[in-house]
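Take a look at the structure below.
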Amino acid sequence: MSCPNLTELKLVVRSVLVACQYSLTVEELWKKITYIFGGPQKLQIQIIGYNTHYEFLKSIPDVVQLDDPEDTNSIVNLISSKLSRHMELLVSTNIIRPPKNKNHLQELLIPYRTQCAFIRIFYELYPEIILIYYLQICQQGLSISDFESDILCIPIFQSYINCVDKLLFNLDHLFIRKGREMISLQPKIINSIKEIEIEVIRITNIYIIKAGH
């Protein structure tokens with residue numbers, strides 16, 4: 001993978017943190033990111049204006065927050081962690097599909113954290129699809145080709161790039177296919193995501209009001 005632009009690098013940072021089951025320090029996180037890109041020589045953050053990876057992580061408060069901003073090896077937290085935890089709970093309630101008579105050749109083991117990451121990244125990349133579907137304006141979806149180029153190109157998903165049909169077959173509790181060429185998140189997941197958003201906004205507003213007093 002070549003040296004990314006800022007948007008791509010932020011997306012990889014978020015993907016790594018979503019996929020990890022434990023807290024990461026600045027150095028641990030960066031080690032994983034440089035591995036994804038093929039080594040430090042392939043990830044020249046100076047090209048996008050930063051001298052160190054610590055400076056870069058401090059500059060993206062929309063993605064991460066450092067436990068101790070003065071510590072160059074602080075624990076790194078994903079922003080909207082409450083929303084992320086709700087999404088993980090959402091996956092856990094949808095992770096067991098109704099039994100099927102299916103060919104064992106179609107079975108594919110997809111880790112729980114990876115399933116969480118699929119929902120999270122879809123939510124991050126395509127909020128307009130989720131909103132339009134939620135408002136029932138139309139049954140919009142994402143083309144399979146865009147799913148491959150925009151989502152499966154992300155390092156934590158790349159192992160599935162050559163088995164898209166099998167992947168979607170095993171994620172039918174998360175994604176719904178619209179014909180052969182389009183997919184979207186399952187309606188009940190979209191409804192749950194919007195409910196989570198509304199609840200997070202409500203709690204945040206209550207906190208702001210209390211803090212104002």
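Following the order of the structure tokens, first chain is A, next is B, and so on, with residues numbered from 1 inside each chain and ligands from 1 in the order they appear.
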
*Find the spatial neighbours of A:Leu6, counting only C-alpha atoms, within a cut-off of 12 Å - ignore same-chain residues fewer than 4 positions away - and output them as a PyMOL selection string.*
chain A and resi 10-13+43-50+56-57+59-60+63

Now that the selection is made, can you save its residues with N, CA, C and O atoms as a PDB file, in the first residue's frame?
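result_24.pdb, freshly written:
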ATOM      1  N   LYS A  10      -6.176   8.628   8.116  1.00  0.00           N
ATOM      2  CA  LYS A  10      -7.111   8.708   9.239  1.00  0.00           C
ATOM      3  C   LYS A  10      -8.049   7.498   9.260  1.00  0.00           C
ATOM      4  O   LYS A  10      -8.362   6.961  10.321  1.00  0.00           O
ATOM      5  N   LEU A  11      -8.463   7.076   8.088  1.00  0.00           N
ATOM      6  CA  LEU A  11      -9.358   5.934   7.997  1.00  0.00           C
ATOM      7  C   LEU A  11      -8.653   4.659   8.457  1.00  0.00           C
ATOM      8  O   LEU A  11      -9.247   3.827   9.155  1.00  0.00           O
ATOM      9  N   VAL A  12      -7.381   4.506   8.112  1.00  0.00           N
ATOM     10  CA  VAL A  12      -6.619   3.334   8.551  1.00  0.00           C
ATOM     11  C   VAL A  12      -6.428   3.367  10.064  1.00  0.00           C
ATOM     12  O   VAL A  12      -6.556   2.339  10.742  1.00  0.00           O
ATOM     13  N   VAL A  13      -6.139   4.541  10.628  1.00  0.00           N
ATOM     14  CA  VAL A  13      -6.000   4.670  12.087  1.00  0.00           C
ATOM     15  C   VAL A  13      -7.289   4.218  12.766  1.00  0.00           C
ATOM     16  O   VAL A  13      -7.269   3.424  13.722  1.00  0.00           O
ATOM     17  N   LEU A  43       5.801   4.835   4.687  1.00  0.00           N
ATOM     18  CA  LEU A  43       4.831   5.738   5.305  1.00  0.00           C
ATOM     19  C   LEU A  43       5.545   7.009   5.745  1.00  0.00           C
ATOM     20  O   LEU A  43       5.931   7.162   6.890  1.00  0.00           O
ATOM     21  N   GLN A  44       5.743   7.911   4.820  1.00  0.00           N
ATOM     22  CA  GLN A  44       6.475   9.154   5.071  1.00  0.00           C
ATOM     23  C   GLN A  44       5.482  10.253   5.457  1.00  0.00           C
ATOM     24  O   GLN A  44       4.959  10.966   4.600  1.00  0.00           O
ATOM     25  N   ILE A  45       5.190  10.366   6.769  1.00  0.00           N
ATOM     26  CA  ILE A  45       4.181  11.347   7.171  1.00  0.00           C
ATOM     27  C   ILE A  45       4.666  12.787   6.985  1.00  0.00           C
ATOM     28  O   ILE A  45       3.866  13.715   7.008  1.00  0.00           O
ATOM     29  N   GLN A  46       5.985  12.948   6.782  1.00  0.00           N
ATOM     30  CA  GLN A  46       6.486  14.295   6.494  1.00  0.00           C
ATOM     31  C   GLN A  46       5.860  14.840   5.206  1.00  0.00           C
ATOM     32  O   GLN A  46       5.689  16.052   5.053  1.00  0.00           O
ATOM     33  N   ILE A  47       5.491  13.920   4.316  1.00  0.00           N
ATOM     34  CA  ILE A  47       4.893  14.330   3.050  1.00  0.00           C
ATOM     35  C   ILE A  47       3.580  15.064   3.278  1.00  0.00           C
ATOM     36  O   ILE A  47       3.216  15.962   2.520  1.00  0.00           O
ATOM     37  N   ILE A  48       2.849  14.682   4.339  1.00  0.00           N
ATOM     38  CA  ILE A  48       1.582  15.356   4.615  1.00  0.00           C
ATOM     39  C   ILE A  48       1.720  16.372   5.745  1.00  0.00           C
ATOM     40  O   ILE A  48       0.721  16.810   6.324  1.00  0.00           O
ATOM     41  N   GLY A  49       2.957  16.741   6.077  1.00  0.00           N
ATOM     42  CA  GLY A  49       3.183  17.896   6.945  1.00  0.00           C
ATOM     43  C   GLY A  49       3.443  17.651   8.407  1.00  0.00           C
ATOM     44  O   GLY A  49       3.319  18.576   9.217  1.00  0.00           O
ATOM     45  N   TYR A  50       3.838  16.427   8.797  1.00  0.00           N
ATOM     46  CA  TYR A  50       4.076  16.130  10.217  1.00  0.00           C
ATOM     47  C   TYR A  50       5.485  15.587  10.411  1.00  0.00           C
ATOM     48  O   TYR A  50       5.978  14.797   9.612  1.00  0.00           O
ATOM     49  N   PHE A  56       1.177  13.836  14.494  1.00  0.00           N
ATOM     50  CA  PHE A  56       0.052  13.525  13.616  1.00  0.00           C
ATOM     51  C   PHE A  56      -1.170  13.110  14.429  1.00  0.00           C
ATOM     52  O   PHE A  56      -2.286  13.602  14.198  1.00  0.00           O
ATOM     53  N   LEU A  57      -0.983  12.199  15.394  1.00  0.00           N
ATOM     54  CA  LEU A  57      -2.112  11.716  16.178  1.00  0.00           C
ATOM     55  C   LEU A  57      -2.736  12.837  17.008  1.00  0.00           C
ATOM     56  O   LEU A  57      -3.963  12.885  17.176  1.00  0.00           O
ATOM     57  N   SER A  59      -2.990  15.782  16.051  1.00  0.00           N
ATOM     58  CA  SER A  59      -3.638  16.723  15.120  1.00  0.00           C
ATOM     59  C   SER A  59      -4.969  16.207  14.571  1.00  0.00           C
ATOM     60  O   SER A  59      -5.607  16.889  13.766  1.00  0.00           O
ATOM     61  N   ILE A  60      -5.389  14.995  14.966  1.00  0.00           N
ATOM     62  CA  ILE A  60      -6.644  14.455  14.438  1.00  0.00           C
ATOM     63  C   ILE A  60      -7.627  14.157  15.586  1.00  0.00           C
ATOM     64  O   ILE A  60      -8.023  13.010  15.814  1.00  0.00           O
ATOM     65  N   VAL A  63     -10.649  11.896  15.257  1.00  0.00           N
ATOM     66  CA  VAL A  63     -10.479  10.444  15.158  1.00  0.00           C
ATOM     67  C   VAL A  63     -10.009   9.847  16.484  1.00  0.00           C
ATOM     68  O   VAL A  63     -10.545   8.826  16.924  1.00  0.00           O
TER      69      VAL A  63
END

*Would you please work out which residue, of A:Glu197, A:Ile189, A:Leu17, A:Arg180, is nearest to A:Val64 when using only C-alpha atoms?*
A:Leu17

*asked:* Given only C-alpha atoms as the basis, pick out the residue of A:Phe147, A:Tyr112, A:Trp30, A:Tyr126 nearest to A:Val164.
replied: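 Closest candidate: A:Phe147.
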
*Can you list, as a list in words, every protein, DNA or RNA residue that comes within 8 Å of A:Val16 when you count only C-alpha atoms, leaving out same-chain residues fewer than 2 positions away?*
Val12, Val13, Arg14, Val18, Ala19, Cys20, Leu29, Lys32, Ile33 and Ile156 of chain A

*What does the distance from atom CA of A:Tyr160 to atom CA of A:Ile110 come to in Å, to one decimal?*
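Separation of atom CA of A:Tyr160 and atom CA of A:Ile110: 9.6 Å.
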
*Have a look at atom CA of A:Phe175 and atom CA of A:Glu124 and let me know their distance in Å, one decimal.*
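Answer for the atom CA of A:Phe175 to atom CA of A:Glu124 separation: 15.5 Å.
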
*Neighbours of A:Pro127 within 12 Å (only C-alpha atoms; same-chain residues fewer than 5 positions away dropped), as a PyMOL selection string?*
chain A and resi 119-122+132-134+140-142+184-185+190+193-194+197

_Restricting the calculation to only C-alpha atoms: of A:Leu174, A:Ile198, A:Ile209, A:Ile36, which residue gets closest to A:Gln158?_
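Checking each of A:Leu174, A:Ile198, A:Ile209, A:Ile36 against A:Gln158, counting only C-alpha atoms, the winner is A:Ile36.
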
*asked:* I need the residue nearest A:Val76 from this list: A:Thr52, A:Gln186, A:Asn5, A:Thr25. Use only C-alpha atoms for the distance.
replied: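 When distances to A:Val76 are compared using only C-alpha atoms, the smallest one comes from A:Thr25.
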
_Please report the interatomic distance between atom CA of A:Ser15 and atom CA of A:Lys31 in Å with one decimal._
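Calculated distance between atom CA of A:Ser15 and atom CA of A:Lys31 is 14.1 Å.
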
*Enumerate, as a ChimeraX atom specification, the complete set of residues in stretch 110-157 of chain A that a backbone-based DSSP assignment places in alpha helix (DSSP H).*
/A:112-125,127-134,144-146

_Excluding A:Ile75 and its own-chain neighbours fewer than 6 positions away, which residues fall within 8 Å of it when counting only C-alpha atoms? Please give them as a ChimeraX atom specification._
/A:23-26,66-68

*Write out as a PyMOL selection string which residues come within 12 Å of A:Ser159 when counting only C-alpha atoms, dropping same-chain ones fewer than 3 positions away.*
chain A and resi 108-110+114+148+151-156+162-164+167

Write the residues of the preceding selection, restricted to C-alpha atoms, as a short mmCIF file (atom, residue, chain, number, x, y, z; two decimals), in the first residue's frame.
data_model
loop_
_atom_site.label_atom_id
_atom_site.label_comp_id
_atom_site.auth_asym_id
_atom_site.auth_seq_id
_atom_site.Cartn_x
_atom_site.Cartn_y
_atom_site.Cartn_z
CA LEU A 108 -16.19 -18.21 6.17
CA LEU A 109 -14.98 -17.35 9.67
CA ILE A 110 -15.25 -13.59 10.22
CA THR A 114 -14.00 -7.48 12.07
CA GLU A 148 -14.59 -3.60 -3.03
CA ILE A 151 -13.96 -0.83 2.01
CA LEU A 152 -12.20 -4.07 1.10
CA CYS A 153 -9.09 -2.09 0.14
CA ILE A 154 -8.69 -1.13 3.82
CA PRO A 155 -5.89 -3.29 5.25
CA ILE A 156 -7.93 -5.13 7.90
CA ASN A 162 -11.00 -12.35 -3.50
CA CYS A 163 -14.09 -13.87 -1.87
CA VAL A 164 -16.67 -11.08 -1.91
CA LEU A 167 -18.08 -12.76 2.53
#
